[in-house]
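K.L.:
I have a structure I would like to understand better, so I am pasting it below and will then ask my questions one at a time.
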Amino acid sequence: MNDMTIPNPIEAARVAPPAPLGMLAELTHRCPLSCPYCSNPVELDKRSGELDTETWKRVFSEAAAMGVLHLHLSGGEPTARKDIVELTAHAVQVGLYTNLITSGIGVAREKLEELANAGLDHVQLSIQDAEAENADKIAGLKGAHSRKRIFAGWVLELGLPLTINAVIHRGNVENIEALVNMALEFGARRVEIAHSQYYGWALENRRQLMPTRDQVMRAAATVERLRDELKGKLVIDAVVPDYYAKRPKPCVGGWGRQSLNVTPQGKVLPCHAAETIKHLEFDYVTDRSLPDIWANSSSFEAYRGTSWMKEPCTSCPRKEIDFGGCRCQALAIAGDPAQADPACSLSPFHAKITALAIKDAVADAPDYIYRRFGATSGNARVQITRNGAPAE
Ligand code: SF4
Ligand code: FES
C-alpha cells in the first residue's frame, strides 16, 4: 500500500507571497505634535500597551530574515521611545536599511549623534509649512518650526541624508514653492510633497483640509516646474490628491504585496488605516511570527491579489497596476472595501467623492480637530495647550 500523503490541490496551488520590501514600525503613538492630518488611527495606542524592546528586536530580525529591505522607524514620534538607539542599532545589525521618520521635536543633538553612530541610514523630517506661525498652528505646538530648522542643521552636520516631508492641504497649498525652497535651504536631497490622504485624523478634518480643484491644479503645475528647475539638485516626489483624481494610486503598492505596518502594540496591518475595515481580524507579533502573519493572516489574504475584486475592476486592464486603489477609501466613501476606489472615474461612487471634495473645499470650516490621545471622532473641537512633551 502506498502511504504517500495526497496533497490538497487547493493548498498545493497556494503560492507563498513574495516578501515585502518595506516595514513601517510604529514604535509609539506618543508625539509632541498634534497634526490634524495624522495618519495614526483616531483611537491611539497607549504607552502602557507598547511592545517591549526585545519583542521589537525579534520582529526586526524576522523582518530581515524574510527579505524586508527598508525599515521605517515611525510613530507618533519614534524618538519618544527610550530604546530608540538600541532598536536602531539592532535593525542595522540584522541588515535593514533604517529610515527615521521624525518631527525633529524633543530630539537632543546627542541622541541624534547616537543614532548616527548606531548606523542610522536616513532621516525624514516633517515640515508643516514654510511660514513659521502657520506651521506651528498646524502642528499644534508653538516654536515647533524653529526647532525643526535647528534639527535639520544637526542632521547635515552628522552627515545623514535628509528628506523633507510636507503634507499639503488647504492651509499650506499656496506655499509649495516656499516649502521646496526651504527643503533646499535645509540641505535635503529629496522632498516629498504629499497631498493629505483622507483617513484617520485627516478624515475627521476633511472640511478643514480639502483644497479646491484650482488650488490642486496650480500646485501640480508648480511641482512640475520646480522639478525641471531643480533637476540634479533636489528630487521632488509628489503624492496627488485622490479626491480630484481620475485613476487611483496603487495604495501601499497593493494590499499585502509590498509593505506591512506594525502598530505600537504589535498588531500587523496591511496599511495604516486597515483597522477601519471592521470585519478584518488582525494578528499580533506576540502571537505569531511576522513571516507567518505576512503569508497566512486572514487580514492580508482578504484583499491580496485580484480575486476579491468586483466590477469594474474585474475586467479592467489596470487591475494589476493599481490593484483597485485604496480599500480603506472604498470603505469610507462607497461603504464596501471590495469596491473600486471611488477615486477611479469608472467607480459608480466617483461622483460622490468629487461632490464631497467640492463641498468640503468651500466649507466654512471650524478650527482643526487636533490629533490627541483621548480625543474622539465626530465634530467635537479639541482645545489644546502644549508644552512640547510627548503626550501620554
Ligand atoms: Fe483601477 Fe478598478 Fe479603476 Fe480599473 S476600475 S482603474 S482596476 S480602480
Ligand atoms: Fe488602507 Fe489605502 S489606506 S488600503
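Each chain in the C-alpha cells gets a letter, A, B and so on, in the order shown; residues start at 1 in every chain, and ligands are counted from 1 in the order they appear.
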Please identify every residue of chain A that has at least one atom no farther than 7 Å from an atom of ligand 1, counting only C-alpha atoms and all ligand atoms, and for each give the shortest atom pair and the distance in Å to one decimal, arranged by chain then increasing number, as a tab-separated table.

P.N.:
residue	atom	partner	partner_atom_place_in_ligand_line	distance
A:Arg247	CA	ligand 1	6 (S)	5.5
A:Pro248	CA	ligand 1	8 (S)	6.0
A:Pro312	CA	ligand 1	5 (S)	4.6
A:Cys313	CA	ligand 1	2 (Fe)	3.5
A:Cys316	CA	ligand 1	4 (Fe)	4.6
A:Pro317	CA	ligand 1	4 (Fe)	6.4
A:Arg318	CA	ligand 1	7 (S)	4.6
A:Lys319	CA	ligand 1	7 (S)	3.6
A:Asp322	CA	ligand 1	1 (Fe)	5.2
A:Phe323	CA	ligand 1	7 (S)	5.7
A:Gly324	CA	ligand 1	8 (S)	3.7
A:Gly325	CA	ligand 1	8 (S)	5.2
A:Ala340	CA	ligand 1	8 (S)	4.5
A:Asp341	CA	ligand 1	8 (S)	5.2
A:Cys344	CA	ligand 1	3 (Fe)	4.6
A:Ser345	CA	ligand 1	3 (Fe)	6.7
A:Leu346	CA	ligand 1	5 (S)	5.4
A:Ser347	CA	ligand 1	5 (S)	6.4

K.L.:
Could those selected residues go to a file with all heavy atoms, as a compact mmCIF listing (two decimals), in the first residue's frame?

P.N.:
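Listing of part.txt after writing:
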# COMPACT_ATOMS: atom_id res chain seq x y z
N ARG A 247 -7.82 58.35 -11.85
CA ARG A 247 -7.44 56.97 -11.57
C ARG A 247 -6.78 56.93 -10.20
O ARG A 247 -6.06 57.86 -9.83
CB ARG A 247 -6.46 56.45 -12.62
CG ARG A 247 -7.07 56.25 -13.99
CD ARG A 247 -8.01 55.03 -14.02
NE ARG A 247 -8.63 54.86 -15.34
CZ ARG A 247 -9.79 55.39 -15.70
NH1 ARG A 247 -10.48 56.13 -14.85
NH2 ARG A 247 -10.28 55.18 -16.90
N PRO A 248 -7.00 55.88 -9.44
CA PRO A 248 -6.42 55.83 -8.09
C PRO A 248 -4.95 55.43 -8.11
O PRO A 248 -4.44 54.92 -9.11
CB PRO A 248 -7.24 54.73 -7.42
CG PRO A 248 -7.63 53.82 -8.53
CD PRO A 248 -7.78 54.68 -9.76
N PRO A 312 -16.11 47.53 -11.57
CA PRO A 312 -15.47 47.48 -12.88
C PRO A 312 -14.02 46.96 -12.85
O PRO A 312 -13.41 46.80 -13.91
CB PRO A 312 -15.49 48.94 -13.33
CG PRO A 312 -15.39 49.71 -12.04
CD PRO A 312 -16.16 48.91 -11.03
N CYS A 313 -13.48 46.70 -11.65
CA CYS A 313 -12.06 46.29 -11.58
C CYS A 313 -11.82 44.93 -12.25
O CYS A 313 -10.82 44.74 -12.93
CB CYS A 313 -11.60 46.22 -10.12
SG CYS A 313 -11.61 47.81 -9.29
N CYS A 316 -10.94 45.15 -15.75
CA CYS A 316 -10.18 46.35 -16.10
C CYS A 316 -8.70 46.02 -16.39
O CYS A 316 -8.08 45.28 -15.64
CB CYS A 316 -10.25 47.36 -14.95
SG CYS A 316 -9.30 48.85 -15.27
N PRO A 317 -8.14 46.56 -17.46
CA PRO A 317 -6.72 46.28 -17.76
C PRO A 317 -5.75 46.86 -16.74
O PRO A 317 -4.57 46.47 -16.74
CB PRO A 317 -6.52 46.92 -19.14
CG PRO A 317 -7.65 47.87 -19.33
CD PRO A 317 -8.78 47.38 -18.49
N ARG A 318 -6.22 47.75 -15.87
CA ARG A 318 -5.32 48.34 -14.87
C ARG A 318 -5.32 47.59 -13.54
O ARG A 318 -4.66 48.02 -12.59
CB ARG A 318 -5.72 49.81 -14.61
CG ARG A 318 -5.33 50.76 -15.73
CD ARG A 318 -5.73 52.19 -15.39
NE ARG A 318 -5.16 52.66 -14.14
CZ ARG A 318 -3.95 53.20 -14.01
NH1 ARG A 318 -3.19 53.36 -15.07
NH2 ARG A 318 -3.51 53.58 -12.83
N LYS A 319 -6.04 46.48 -13.48
CA LYS A 319 -6.20 45.86 -12.16
C LYS A 319 -4.90 45.32 -11.56
O LYS A 319 -4.79 45.20 -10.35
CB LYS A 319 -7.28 44.78 -12.18
CG LYS A 319 -6.93 43.52 -12.94
CD LYS A 319 -8.11 42.56 -12.84
CE LYS A 319 -7.80 41.30 -13.64
NZ LYS A 319 -8.94 40.40 -13.68
N ASP A 322 -2.96 49.17 -10.44
CA ASP A 322 -3.32 49.92 -9.23
C ASP A 322 -4.01 49.05 -8.17
O ASP A 322 -4.33 49.52 -7.09
CB ASP A 322 -4.18 51.14 -9.57
CG ASP A 322 -5.53 50.78 -10.19
OD1 ASP A 322 -6.06 49.70 -9.89
OD2 ASP A 322 -6.06 51.58 -10.97
N PHE A 323 -4.25 47.79 -8.50
CA PHE A 323 -4.89 46.85 -7.56
C PHE A 323 -6.19 47.42 -6.98
O PHE A 323 -6.51 47.22 -5.82
CB PHE A 323 -3.90 46.41 -6.48
CG PHE A 323 -2.75 45.66 -7.07
CD1 PHE A 323 -1.59 46.32 -7.45
CD2 PHE A 323 -2.85 44.30 -7.33
CE1 PHE A 323 -0.54 45.64 -8.06
CE2 PHE A 323 -1.81 43.61 -7.94
CZ PHE A 323 -0.65 44.27 -8.31
N GLY A 324 -6.89 48.14 -7.82
CA GLY A 324 -8.20 48.66 -7.41
C GLY A 324 -8.11 49.86 -6.49
O GLY A 324 -9.11 50.29 -5.92
N GLY A 325 -6.90 50.42 -6.31
CA GLY A 325 -6.74 51.62 -5.48
C GLY A 325 -6.73 51.29 -3.99
O GLY A 325 -6.10 50.31 -3.58
N ALA A 340 -14.23 49.24 -6.22
CA ALA A 340 -13.14 50.04 -6.78
C ALA A 340 -12.99 51.29 -5.92
O ALA A 340 -13.98 51.81 -5.40
CB ALA A 340 -13.47 50.44 -8.21
N ASP A 341 -11.78 51.76 -5.78
CA ASP A 341 -11.55 53.03 -5.09
C ASP A 341 -12.38 54.12 -5.78
O ASP A 341 -12.28 54.30 -7.00
CB ASP A 341 -10.05 53.35 -5.20
CG ASP A 341 -9.65 54.57 -4.41
OD1 ASP A 341 -10.50 55.43 -4.16
OD2 ASP A 341 -8.46 54.66 -4.06
N CYS A 344 -11.40 56.40 -8.65
CA CYS A 344 -11.41 55.97 -10.06
C CYS A 344 -12.68 56.48 -10.74
O CYS A 344 -13.79 56.28 -10.23
CB CYS A 344 -11.35 54.45 -10.12
SG CYS A 344 -11.43 53.84 -11.81
N SER A 345 -12.53 57.07 -11.92
CA SER A 345 -13.71 57.62 -12.61
C SER A 345 -14.64 56.51 -13.11
O SER A 345 -15.78 56.78 -13.47
CB SER A 345 -13.27 58.50 -13.78
OG SER A 345 -12.59 57.72 -14.72
N LEU A 346 -14.16 55.25 -13.10
CA LEU A 346 -15.03 54.13 -13.50
C LEU A 346 -15.88 53.62 -12.33
O LEU A 346 -16.80 52.82 -12.54
CB LEU A 346 -14.18 52.98 -14.05
CG LEU A 346 -13.31 53.34 -15.26
CD1 LEU A 346 -12.39 52.18 -15.63
CD2 LEU A 346 -14.18 53.71 -16.45
N SER A 347 -15.57 54.07 -11.13
CA SER A 347 -16.33 53.63 -9.96
C SER A 347 -17.72 54.28 -9.97
O SER A 347 -17.86 55.47 -10.26
CB SER A 347 -15.59 54.05 -8.68
OG SER A 347 -16.50 54.11 -7.59

K.L.:
Residues within 12 Å of ligand 2 should be enumerated using only C-alpha atoms and all ligand atoms and returned as an NGL selection string.

P.N.:
:A and (39-41 or 196-200 or 202-203 or 242 or 248-261 or 269-277 or 299-300 or 302-304 or 322-332 or 337-343)

K.L.:
Find the spatial neighbours of Ala238 (chain A), counting only C-alpha atoms, within a cut-off of 8 Å - ignore same-chain residues fewer than 4 positions away - and output them as number ranges by chain.

P.N.:
A: 192-195, 223

K.L.:
Residues within 12 Å of Met217 (chain A), please, as a PyMOL selection string. Count only C-alpha atoms; anything in the same chain fewer than 2 positions from it doesn't count.

P.N.:
chain A and resi 173-174+195+211-215+219-224+240-241+244-245

K.L.:
Could those selected residues go to a file with all heavy atoms, as a CSV table (one decimal), in the first residue's frame?

P.N.:
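The resulting selection31.csv:
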chain,number,residue,atom,x,y,z
A,173,VAL,N,-1.3,74.9,0.8
A,173,VAL,CA,-1.2,74.5,-0.6
A,173,VAL,C,-0.7,75.6,-1.5
A,173,VAL,O,0.0,75.4,-2.5
A,173,VAL,CB,-2.6,74.0,-1.2
A,173,VAL,CG1,-3.6,75.1,-1.2
A,173,VAL,CG2,-2.4,73.3,-2.5
A,174,GLU,N,-0.8,76.9,-1.0
A,174,GLU,CA,-0.3,78.0,-1.8
A,174,GLU,C,1.2,78.2,-1.6
A,174,GLU,O,1.8,79.1,-2.2
A,174,GLU,CB,-1.1,79.3,-1.5
A,174,GLU,CG,-2.6,79.2,-1.7
A,174,GLU,CD,-3.1,79.2,-3.1
A,174,GLU,OE1,-2.2,79.2,-4.0
A,174,GLU,OE2,-4.3,79.1,-3.4
A,195,HIS,N,0.0,65.3,-0.9
A,195,HIS,CA,-1.4,65.8,-0.6
A,195,HIS,C,-2.0,64.9,0.5
A,195,HIS,O,-1.8,63.7,0.5
A,195,HIS,CB,-2.3,65.9,-1.8
A,195,HIS,CG,-2.0,67.1,-2.7
A,195,HIS,ND1,-2.7,68.2,-2.5
A,195,HIS,CD2,-1.1,67.3,-3.6
A,195,HIS,CE1,-2.3,69.1,-3.4
A,195,HIS,NE2,-1.3,68.6,-4.1
A,211,PRO,N,-8.4,71.2,-0.2
A,211,PRO,CA,-8.2,72.4,-1.1
A,211,PRO,C,-9.2,72.3,-2.3
A,211,PRO,O,-9.9,71.3,-2.5
A,211,PRO,CB,-6.8,72.1,-1.7
A,211,PRO,CG,-6.6,70.6,-1.6
A,211,PRO,CD,-7.5,70.1,-0.5
A,212,THR,N,-9.3,73.4,-3.0
A,212,THR,CA,-10.1,73.5,-4.2
A,212,THR,C,-9.4,72.8,-5.4
A,212,THR,O,-8.2,72.6,-5.3
A,212,THR,CB,-10.5,74.9,-4.6
A,212,THR,OG1,-9.3,75.5,-5.0
A,212,THR,CG2,-11.1,75.7,-3.5
A,213,ARG,N,-10.2,72.4,-6.4
A,213,ARG,CA,-9.6,71.8,-7.6
A,213,ARG,C,-8.5,72.8,-8.2
A,213,ARG,O,-7.5,72.4,-8.6
A,213,ARG,CB,-10.6,71.5,-8.6
A,213,ARG,CG,-10.1,70.8,-9.8
A,213,ARG,CD,-11.2,70.6,-10.9
A,213,ARG,NE,-12.2,69.6,-10.5
A,213,ARG,CZ,-12.0,68.3,-10.6
A,213,ARG,NH1,-10.9,67.8,-11.2
A,213,ARG,NH2,-13.0,67.5,-10.3
A,214,ASP,N,-8.9,74.1,-8.2
A,214,ASP,CA,-7.9,75.1,-8.8
A,214,ASP,C,-6.6,75.1,-8.0
A,214,ASP,O,-5.5,75.2,-8.6
A,214,ASP,CB,-8.5,76.5,-8.8
A,214,ASP,CG,-9.5,76.7,-9.9
A,214,ASP,OD1,-9.6,75.8,-10.8
A,214,ASP,OD2,-10.1,77.8,-10.0
A,215,GLN,N,-6.7,75.1,-6.7
A,215,GLN,CA,-5.5,75.0,-5.9
A,215,GLN,C,-4.7,73.8,-6.2
A,215,GLN,O,-3.4,73.9,-6.3
A,215,GLN,CB,-5.9,75.1,-4.4
A,215,GLN,CG,-6.3,76.4,-3.9
A,215,GLN,CD,-6.8,76.4,-2.5
A,215,GLN,OE1,-7.4,75.5,-2.0
A,215,GLN,NE2,-6.4,77.5,-1.8
A,219,ALA,N,-1.0,73.7,-7.8
A,219,ALA,CA,0.1,73.0,-7.0
A,219,ALA,C,0.8,72.0,-7.9
A,219,ALA,O,2.0,71.9,-7.9
A,219,ALA,CB,-0.5,72.3,-5.8
A,220,ALA,N,0.1,71.3,-8.7
A,220,ALA,CA,0.7,70.3,-9.6
A,220,ALA,C,1.6,71.0,-10.6
A,220,ALA,O,2.7,70.5,-10.9
A,220,ALA,CB,-0.4,69.5,-10.3
A,221,ALA,N,1.1,72.1,-11.2
A,221,ALA,CA,1.9,72.9,-12.2
A,221,ALA,C,3.2,73.4,-11.5
A,221,ALA,O,4.3,73.3,-12.1
A,221,ALA,CB,1.1,74.0,-12.7
A,222,THR,N,3.1,73.8,-10.3
A,222,THR,CA,4.3,74.3,-9.5
A,222,THR,C,5.3,73.2,-9.3
A,222,THR,O,6.5,73.4,-9.5
A,222,THR,CB,3.9,74.9,-8.2
A,222,THR,OG1,2.9,75.9,-8.4
A,222,THR,CG2,5.1,75.5,-7.4
A,223,VAL,N,4.8,72.0,-8.9
A,223,VAL,CA,5.7,70.9,-8.7
A,223,VAL,C,6.4,70.5,-10.0
A,223,VAL,O,7.6,70.3,-10.0
A,223,VAL,CB,4.9,69.7,-8.1
A,223,VAL,CG1,5.7,68.4,-8.2
A,223,VAL,CG2,4.5,70.0,-6.7
A,224,GLU,N,5.7,70.5,-11.1
A,224,GLU,CA,6.3,70.1,-12.4
A,224,GLU,C,7.4,71.1,-12.8
A,224,GLU,O,8.5,70.8,-13.2
A,224,GLU,CB,5.3,70.0,-13.5
A,224,GLU,CG,4.5,68.8,-13.5
A,224,GLU,CD,5.3,67.5,-13.2
A,224,GLU,OE1,6.3,67.3,-14.0
A,224,GLU,OE2,5.0,66.8,-12.3
A,240,VAL,N,-0.4,62.7,-5.3
A,240,VAL,CA,-1.5,63.5,-5.8
A,240,VAL,C,-2.7,63.3,-4.9
A,240,VAL,O,-2.9,62.2,-4.3
A,240,VAL,CB,-1.8,63.3,-7.3
A,240,VAL,CG1,-0.7,63.7,-8.2
A,240,VAL,CG2,-2.2,61.8,-7.5
A,241,PRO,N,-3.6,64.3,-4.9
A,241,PRO,CA,-4.8,64.1,-4.1
A,241,PRO,C,-5.9,63.2,-4.7
A,241,PRO,O,-6.3,63.5,-5.9
A,241,PRO,CB,-5.4,65.5,-3.9
A,241,PRO,CG,-4.8,66.3,-5.1
A,241,PRO,CD,-3.6,65.6,-5.5
A,244,TYR,N,-9.5,64.4,-6.3
A,244,TYR,CA,-9.7,65.1,-7.6
A,244,TYR,C,-9.0,64.3,-8.7
A,244,TYR,O,-8.8,64.7,-9.8
A,244,TYR,CB,-9.0,66.5,-7.6
A,244,TYR,CG,-9.7,67.5,-6.7
A,244,TYR,CD1,-9.0,68.0,-5.6
A,244,TYR,CD2,-11.0,67.9,-7.0
A,244,TYR,CE1,-9.7,68.9,-4.7
A,244,TYR,CE2,-11.6,68.8,-6.1
A,244,TYR,CZ,-10.9,69.3,-5.0
A,244,TYR,OH,-11.6,70.2,-4.2
A,245,ALA,N,-8.8,63.0,-8.5
A,245,ALA,CA,-8.1,62.1,-9.4
A,245,ALA,C,-9.0,61.5,-10.4
A,245,ALA,O,-10.3,61.5,-10.2
A,245,ALA,CB,-7.3,61.1,-8.7

K.L.:
Near Ile138 (chain A), within 9 Å and counting only C-alpha atoms, which residues show up once chain neighbours fewer than 4 positions away are dropped, as number ranges by chain?

P.N.:
A: 33-36, 128-129, 133-134, 171, 368, 370

K.L.:
Can I get the selected residues back with all heavy atoms, as a PDB file, in the first residue's frame?

P.N.:
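This went into again35.pdb:
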ATOM      1  N   LEU A  33       3.592  66.614  18.642  1.00  0.00           N
ATOM      2  CA  LEU A  33       2.764  67.400  17.720  1.00  0.00           C
ATOM      3  C   LEU A  33       1.349  66.825  17.657  1.00  0.00           C
ATOM      4  O   LEU A  33       1.104  65.710  18.109  1.00  0.00           O
ATOM      5  CB  LEU A  33       3.388  67.427  16.323  1.00  0.00           C
ATOM      6  CG  LEU A  33       4.827  67.939  16.228  1.00  0.00           C
ATOM      7  CD1 LEU A  33       5.234  68.121  14.774  1.00  0.00           C
ATOM      8  CD2 LEU A  33       5.011  69.241  16.990  1.00  0.00           C
ATOM      9  N   SER A  34       0.458  67.593  17.044  1.00  0.00           N
ATOM     10  CA  SER A  34      -0.958  67.198  17.016  1.00  0.00           C
ATOM     11  C   SER A  34      -1.556  67.389  15.632  1.00  0.00           C
ATOM     12  O   SER A  34      -2.717  67.786  15.500  1.00  0.00           O
ATOM     13  CB  SER A  34      -1.741  68.070  18.001  1.00  0.00           C
ATOM     14  OG  SER A  34      -1.127  68.075  19.250  1.00  0.00           O
ATOM     15  N   CYS A  35      -0.764  67.136  14.595  1.00  0.00           N
ATOM     16  CA  CYS A  35      -1.183  67.469  13.224  1.00  0.00           C
ATOM     17  C   CYS A  35      -2.578  66.916  12.914  1.00  0.00           C
ATOM     18  O   CYS A  35      -2.851  65.731  13.156  1.00  0.00           O
ATOM     19  CB  CYS A  35      -0.189  66.925  12.222  1.00  0.00           C
ATOM     20  SG  CYS A  35       1.485  67.482  12.550  1.00  0.00           S
ATOM     21  N   PRO A  36      -3.429  67.758  12.351  1.00  0.00           N
ATOM     22  CA  PRO A  36      -4.813  67.342  12.104  1.00  0.00           C
ATOM     23  C   PRO A  36      -4.976  66.379  10.938  1.00  0.00           C
ATOM     24  O   PRO A  36      -6.077  65.909  10.683  1.00  0.00           O
ATOM     25  CB  PRO A  36      -5.525  68.668  11.816  1.00  0.00           C
ATOM     26  CG  PRO A  36      -4.460  69.595  11.361  1.00  0.00           C
ATOM     27  CD  PRO A  36      -3.205  69.183  12.051  1.00  0.00           C
ATOM     28  N   GLN A 128       5.533  71.427   8.470  1.00  0.00           N
ATOM     29  CA  GLN A 128       4.107  71.723   8.333  1.00  0.00           C
ATOM     30  C   GLN A 128       3.841  72.873   7.355  1.00  0.00           C
ATOM     31  O   GLN A 128       2.810  72.918   6.703  1.00  0.00           O
ATOM     32  CB  GLN A 128       3.500  72.046   9.704  1.00  0.00           C
ATOM     33  CG  GLN A 128       3.164  70.814  10.525  1.00  0.00           C
ATOM     34  CD  GLN A 128       4.370  69.998  10.960  1.00  0.00           C
ATOM     35  OE1 GLN A 128       5.474  70.510  11.120  1.00  0.00           O
ATOM     36  NE2 GLN A 128       4.181  68.709  11.137  1.00  0.00           N
ATOM     37  N   ASP A 129       4.761  73.834   7.296  1.00  0.00           N
ATOM     38  CA  ASP A 129       4.621  74.943   6.336  1.00  0.00           C
ATOM     39  C   ASP A 129       5.961  75.674   6.291  1.00  0.00           C
ATOM     40  O   ASP A 129       6.831  75.463   7.156  1.00  0.00           O
ATOM     41  CB  ASP A 129       3.494  75.904   6.760  1.00  0.00           C
ATOM     42  CG  ASP A 129       3.123  76.875   5.638  1.00  0.00           C
ATOM     43  OD1 ASP A 129       3.518  76.641   4.471  1.00  0.00           O
ATOM     44  OD2 ASP A 129       2.450  77.885   5.930  1.00  0.00           O
ATOM     45  N   GLU A 133       4.627  80.787  11.731  1.00  0.00           N
ATOM     46  CA  GLU A 133       3.431  80.898  12.564  1.00  0.00           C
ATOM     47  C   GLU A 133       2.364  79.893  12.128  1.00  0.00           C
ATOM     48  O   GLU A 133       1.730  79.216  12.938  1.00  0.00           O
ATOM     49  CB  GLU A 133       2.885  82.324  12.474  1.00  0.00           C
ATOM     50  CG  GLU A 133       1.903  82.632  13.578  1.00  0.00           C
ATOM     51  CD  GLU A 133       1.431  84.074  13.508  1.00  0.00           C
ATOM     52  OE1 GLU A 133       2.225  84.963  13.110  1.00  0.00           O
ATOM     53  OE2 GLU A 133       0.257  84.302  13.826  1.00  0.00           O
ATOM     54  N   ASN A 134       2.210  79.787  10.809  1.00  0.00           N
ATOM     55  CA  ASN A 134       1.220  78.834  10.290  1.00  0.00           C
ATOM     56  C   ASN A 134       1.668  77.391  10.544  1.00  0.00           C
ATOM     57  O   ASN A 134       0.853  76.521  10.855  1.00  0.00           O
ATOM     58  CB  ASN A 134       0.986  79.070   8.792  1.00  0.00           C
ATOM     59  CG  ASN A 134      -0.246  78.336   8.298  1.00  0.00           C
ATOM     60  OD1 ASN A 134      -1.269  78.299   8.972  1.00  0.00           O
ATOM     61  ND2 ASN A 134      -0.138  77.704   7.146  1.00  0.00           N
ATOM     62  N   GLY A 171      -4.460  74.566   4.079  1.00  0.00           N
ATOM     63  CA  GLY A 171      -3.743  75.510   4.927  1.00  0.00           C
ATOM     64  C   GLY A 171      -2.328  75.835   4.467  1.00  0.00           C
ATOM     65  O   GLY A 171      -1.692  76.734   5.040  1.00  0.00           O
ATOM     66  N   TYR A 368      -9.104  73.299  13.451  1.00  0.00           N
ATOM     67  CA  TYR A 368      -8.681  71.912  13.310  1.00  0.00           C
ATOM     68  C   TYR A 368      -9.124  71.091  14.516  1.00  0.00           C
ATOM     69  O   TYR A 368      -9.106  71.573  15.654  1.00  0.00           O
ATOM     70  CB  TYR A 368      -7.148  71.819  13.256  1.00  0.00           C
ATOM     71  CG  TYR A 368      -6.510  72.481  12.060  1.00  0.00           C
ATOM     72  CD1 TYR A 368      -5.383  73.284  12.224  1.00  0.00           C
ATOM     73  CD2 TYR A 368      -7.003  72.283  10.779  1.00  0.00           C
ATOM     74  CE1 TYR A 368      -4.764  73.882  11.135  1.00  0.00           C
ATOM     75  CE2 TYR A 368      -6.385  72.879   9.686  1.00  0.00           C
ATOM     76  CZ  TYR A 368      -5.281  73.675   9.867  1.00  0.00           C
ATOM     77  OH  TYR A 368      -4.675  74.260   8.797  1.00  0.00           O
ATOM     78  N   TYR A 370      -7.507  68.604  16.515  1.00  0.00           N
ATOM     79  CA  TYR A 370      -6.119  68.157  16.630  1.00  0.00           C
ATOM     80  C   TYR A 370      -6.042  66.700  17.082  1.00  0.00           C
ATOM     81  O   TYR A 370      -6.841  66.248  17.901  1.00  0.00           O
ATOM     82  CB  TYR A 370      -5.364  69.036  17.628  1.00  0.00           C
ATOM     83  CG  TYR A 370      -5.013  70.399  17.061  1.00  0.00           C
ATOM     84  CD1 TYR A 370      -5.776  71.513  17.363  1.00  0.00           C
ATOM     85  CD2 TYR A 370      -3.923  70.556  16.220  1.00  0.00           C
ATOM     86  CE1 TYR A 370      -5.467  72.758  16.848  1.00  0.00           C
ATOM     87  CE2 TYR A 370      -3.605  71.799  15.693  1.00  0.00           C
ATOM     88  CZ  TYR A 370      -4.377  72.892  16.011  1.00  0.00           C
ATOM     89  OH  TYR A 370      -4.059  74.120  15.485  1.00  0.00           O
TER      90      TYR A 370
END

K.L.:
As an MDAnalysis selection string, please: the residues near Ala116 (chain A) (cut-off 12 Å, only C-alpha atoms, same-chain neighbours under 5 positions excluded).

P.N.:
chainID A and resid 84:86 88:89 92 98:100 109:111 121:123 154:161

K.L.:
Take the residues from that selection and put them in a file with C-alpha atoms, as a PDB file, in the first residue's frame.

P.N.:
ATOM      1  CA  ILE A  84      15.329  54.088  20.029  1.00  0.00           C
ATOM      2  CA  VAL A  85      19.125  53.842  19.749  1.00  0.00           C
ATOM      3  CA  GLU A  86      19.160  50.187  20.813  1.00  0.00           C
ATOM      4  CA  THR A  88      18.079  51.194  15.530  1.00  0.00           C
ATOM      5  CA  ALA A  89      21.397  49.505  16.243  1.00  0.00           C
ATOM      6  CA  VAL A  92      21.227  47.903  11.341  1.00  0.00           C
ATOM      7  CA  THR A  98      16.850  52.281   8.548  1.00  0.00           C
ATOM      8  CA  ASN A  99      14.815  55.419   7.931  1.00  0.00           C
ATOM      9  CA  LEU A 100      13.848  57.575  10.913  1.00  0.00           C
ATOM     10  CA  ARG A 109      21.654  66.539  19.329  1.00  0.00           C
ATOM     11  CA  GLU A 110      23.362  63.871  21.456  1.00  0.00           C
ATOM     12  CA  LYS A 111      20.516  61.444  20.740  1.00  0.00           C
ATOM     13  CA  ASP A 121      20.861  55.360   7.287  1.00  0.00           C
ATOM     14  CA  HIS A 122      18.414  58.184   6.626  1.00  0.00           C
ATOM     15  CA  VAL A 123      16.266  60.871   8.258  1.00  0.00           C
ATOM     16  CA  TRP A 154      22.233  68.691  13.066  1.00  0.00           C
ATOM     17  CA  VAL A 155      21.214  66.065  10.513  1.00  0.00           C
ATOM     18  CA  LEU A 156      23.507  67.701   7.960  1.00  0.00           C
ATOM     19  CA  GLU A 157      26.365  68.171  10.423  1.00  0.00           C
ATOM     20  CA  LEU A 158      26.220  64.462  11.201  1.00  0.00           C
ATOM     21  CA  GLY A 159      26.344  63.585   7.516  1.00  0.00           C
ATOM     22  CA  LEU A 160      22.964  61.867   7.406  1.00  0.00           C
ATOM     23  CA  PRO A 161      20.908  62.072   4.205  1.00  0.00           C
TER      24      PRO A 161
END

K.L.:
Which neighbours of Tyr97 (chain A) fall inside 8 Å, counting only C-alpha atoms, when residues of the same chain fewer than 3 positions from it are skipped, and could you give them as a CSV table (one decimal) with C-alpha atoms, in the first residue's frame?

P.N.:
chain,number,residue,atom,x,y,z
A,69,LEU,CA,14.8,45.7,2.9
A,70,HIS,CA,13.6,49.1,4.3
A,71,LEU,CA,12.6,49.7,7.9
A,91,ALA,CA,17.9,46.8,12.9
A,92,VAL,CA,21.2,47.9,11.3
A,120,LEU,CA,21.0,55.0,11.1
A,121,ASP,CA,20.9,55.4,7.3

K.L.:
Measuring between only C-alpha atoms, which one of A:Ala365, A:Tyr243, A:Met182, A:Arg207 shows the shortest distance to Lys352 (chain A)?

P.N.:
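Of the candidates, the smallest distance to Lys352 (chain A) is held by A:Tyr243.
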
K.L.:
In Å to one decimal, how far is CA of Ser74 (chain A) from CA of Lys46 (chain A)?

P.N.:
15.5 Å

K.L.:
Using DSSP assignments from the backbone, pull out every residue in region 142-258 of chain A that falls under strand (DSSP E) and give it to me as a list of chain:residue names.

P.N.:
A:Leu162, A:Thr163, A:Ile164, A:Asn165, A:Ala166, A:Val167, A:Ile168, A:Arg190, A:Val191, A:Glu192, A:Ile193, A:Ala194, A:His195, A:Val235, A:Ile236, A:Asp237, A:Ala238, A:Val239

K.L.:
For a quick check of understanding, using only C-alpha atoms, which of A:Glu311, A:Asp136, A:Glu185, A:Glu50 has the smallest distance to Gly153 (chain A)?

P.N.:
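Closest to Gly153 (chain A), using only C-alpha atoms: A:Glu185.
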